[in-house]
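*Asks:* As input, take model12.pdb (PDB, C-alpha atoms, pLDDT in the B column):
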```
ATOM      1  CA  MET O1446      29.885  57.310  84.238  1.00 45.00           C
ATOM      2  CA  THR O1447      26.775  55.537  83.054  1.00 44.00           C
ATOM      3  CA  GLN O1448      26.832  52.643  80.596  1.00 52.00           C
ATOM      4  CA  ASN O1449      23.557  53.737  79.005  1.00 49.00           C
ATOM      5  CA  ILE O1450      24.266  54.319  75.303  1.00 64.00           C
ATOM      6  CA  GLY O1451      21.217  56.562  74.821  1.00 74.00           C
ATOM      7  CA  TYR O1452      22.351  59.142  77.381  1.00 83.00           C
ATOM      8  CA  GLN O1453      25.807  60.425  78.160  1.00 92.00           C
ATOM      9  CA  ILE O1454      26.258  62.561  81.265  1.00 95.00           C
ATOM     10  CA  THR O1455      27.807  65.915  80.429  1.00 96.00           C
ATOM     11  CA  ASP O1456      29.688  68.385  82.612  1.00 97.00           C
ATOM     12  CA  GLN O1457      26.737  70.762  82.239  1.00 98.00           C
ATOM     13  CA  ASP O1458      24.381  68.032  83.544  1.00 97.00           C
ATOM     14  CA  ILE O1459      26.673  67.499  86.516  1.00 98.00           C
ATOM     15  CA  GLU O1460      26.890  71.206  87.349  1.00 98.00           C
ATOM     16  CA  THR O1461      23.117  71.598  87.081  1.00 98.00           C
ATOM     17  CA  THR O1462      22.579  68.567  89.305  1.00 98.00           C
ATOM     18  CA  ILE O1463      25.038  69.877  91.892  1.00 98.00           C
ATOM     19  CA  ARG O1464      23.007  73.100  92.075  1.00 98.00           C
ATOM     20  CA  PHE O1465      19.795  71.069  92.403  1.00 98.00           C
ATOM     21  CA  LEU O1466      21.256  68.897  95.166  1.00 98.00           C
ATOM     22  CA  LYS O1467      22.463  72.011  97.022  1.00 98.00           C
ATOM     23  CA  ALA O1468      18.976  73.520  96.800  1.00 98.00           C
ATOM     24  CA  GLU O1469      17.554  70.287  98.251  1.00 97.00           C
ATOM     25  CA  ASN O1470      20.136  70.306 101.086  1.00 98.00           C
ATOM     26  CA  LYS O1471      21.501  66.947  99.919  1.00 97.00           C
ATOM     27  CA  PRO O1472      25.130  65.864  99.568  1.00 96.00           C
ATOM     28  CA  CYS O1473      26.355  67.708  96.480  1.00 96.00           C
ATOM     29  CA  THR O1474      29.791  66.560  95.389  1.00 98.00           C
ATOM     30  CA  ARG O1475      30.541  65.772  91.755  1.00 98.00           C
ATOM     31  CA  GLU O1476      30.300  62.067  92.627  1.00 98.00           C
ATOM     32  CA  ASP O1477      26.901  62.626  94.292  1.00 98.00           C
ATOM     33  CA  ALA O1478      25.650  64.382  91.150  1.00 98.00           C
ATOM     34  CA  ILE O1479      26.863  61.582  88.876  1.00 97.00           C
ATOM     35  CA  LYS O1480      25.237  58.953  91.104  1.00 97.00           C
ATOM     36  CA  HIS O1481      21.969  60.932  91.091  1.00 97.00           C
ATOM     37  CA  LEU O1482      22.003  61.233  87.286  1.00 97.00           C
ATOM     38  CA  GLU O1483      22.797  57.538  86.828  1.00 96.00           C
ATOM     39  CA  GLU O1484      19.940  56.573  89.149  1.00 96.00           C
ATOM     40  CA  LYS O1485      17.496  58.800  87.261  1.00 95.00           C
ATOM     41  CA  ALA O1486      18.657  57.421  83.898  1.00 93.00           C
ATOM     42  CA  ALA O1487      18.169  53.852  85.164  1.00 93.00           C
ATOM     43  CA  LEU O1488      14.691  54.721  86.451  1.00 95.00           C
ATOM     44  CA  ALA O1489      13.716  56.264  83.111  1.00 92.00           C
ATOM     45  CA  HIS O1490      15.032  53.175  81.300  1.00 91.00           C
ATOM     46  CA  MET O1491      12.962  50.837  83.487  1.00 94.00           C
ATOM     47  CA  ALA O1492       9.857  53.005  83.036  1.00 94.00           C
ATOM     48  CA  ALA O1493      10.260  52.929  79.260  1.00 91.00           C
ATOM     49  CA  HIS O1494      10.464  49.120  79.308  1.00 94.00           C
ATOM     50  CA  LYS O1495       7.335  48.931  81.463  1.00 94.00           C
ATOM     51  CA  ILE O1496       5.430  51.173  79.045  1.00 92.00           C
ATOM     52  CA  VAL O1497       6.437  48.969  76.098  1.00 92.00           C
ATOM     53  CA  GLU O1498       5.402  45.816  77.994  1.00 95.00           C
ATOM     54  CA  ASP O1499       2.036  47.356  78.881  1.00 94.00           C
ATOM     55  CA  GLU O1500       1.487  48.430  75.267  1.00 93.00           C
ATOM     56  CA  GLN O1501       2.339  44.969  73.957  1.00 93.00           C
ATOM     57  CA  SER O1502       0.096  43.221  76.473  1.00 94.00           C
ATOM     58  CA  GLY O1503      -2.815  45.541  75.646  1.00 92.00           C
ATOM     59  CA  LYS O1504      -2.970  47.042  79.148  1.00 93.00           C
ATOM     60  CA  ILE O1505      -2.572  50.526  77.663  1.00 91.00           C
ATOM     61  CA  ASP O1506      -3.027  52.079  74.245  1.00 91.00           C
ATOM     62  CA  PRO O1507       0.216  52.674  72.350  1.00 87.00           C
ATOM     63  CA  VAL O1508       1.891  55.955  73.155  1.00 80.00           C
ATOM     64  CA  LYS O1509       1.809  58.300  70.174  1.00 84.00           C
ATOM     65  CA  LEU O1510       4.720  60.704  69.906  1.00 83.00           C
ATOM     66  CA  LYS O1511       4.265  64.140  68.406  1.00 87.00           C
ATOM     67  CA  LYS O1512       6.330  64.832  65.328  1.00 80.00           C
TER      68      LYS O1512
END
```
Render the structure in this file as structure tokens.
*Replies:*
Amino acid sequence: MTQNIGYQITDQDIETTIRFLKAENKPCTREDAIKHLEEKAALAHMAAHKIVEDEQSGKIDPVKLKK
């Protein structure tokens, strides 16, 4: 599974992703679901880094999270 410490793929995530892949008429084995989830986690990780870089460079205002 993924090496990302912030997100661990669960069996529920895999089952949900299999249903999603089936609905999209895509290959939908357990391995396909894991690969899909890992790719999405990597994409989210890269996007988060880009947001931080843009905040630090002044390209965008800092993102304020609701508490």
*Asks:* Work out how far apart atom CA of O:Ile1479 and atom CA of O:Ile1454 are and give it in Å to one decimal.
*Replies:*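 Rounded to one decimal, the two atoms are 7.7 Å apart.
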*Asks:* Tell me, in Å to one decimal, how far atom CA of O:His1481 is from atom CA of O:Asp1458.
*Replies:*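 A separation of 10.6 Å between them.
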*Asks:* Around stretch 1475-1479 of chain O, fit a box with edges along x, y and z, padding it by 3 Å on each side, then list its centre and edge lengths in Å to one decimal as JSON.
*Replies:*
```
{"center_x": 28.1, "center_y": 63.7, "center_z": 91.6, "size_x": 10.9, "size_y": 10.2, "size_z": 11.4}
```
*Asks:* Using only C-alpha atoms, which protein or nucleic acid residues come within 9 Å of O:Phe1465? Drop anything in the same chain fewer than 6 positions from it, and give the result as a list in words.
*Replies:*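 The residues satisfying every condition are Lys1471, Cys1473 and Ala1478 of chain O.
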*Asks:* If the PyMOL selection byres ((chain O and resi 1486) around 10) is run on the structure shown, which residues does it catch, given as a VMD selection string?
*Replies:* chain O and resid 1447 1449 1451 to 1454 1480 to 1485 1487 to 1492
*Asks:* Could you please determine the separation between atom CA of O:Ile1459 and atom CA of O:Glu1476 in Å, to one decimal place?
*Replies:*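 These two atoms are separated by 8.9 Å.
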*Asks:* Which residues are near O:Asp1456? Cut-off 10 Å, only C-alpha atoms, ignore same chain within fewer than 4 positions. Put them as a list in words.
*Replies:*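 My reading of the contact set: Glu1460, Thr1461, Thr1462, Arg1475 and Ile1479 of chain O.
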*Asks:* Please evaluate the PyMOL selection byres ((chain O and resi 1508) around 12) against the displayed coordinates and give the resulting residues as a ChimeraX atom specification.
*Replies:* /O:1493,1496-1501,1503-1507,1509-1511
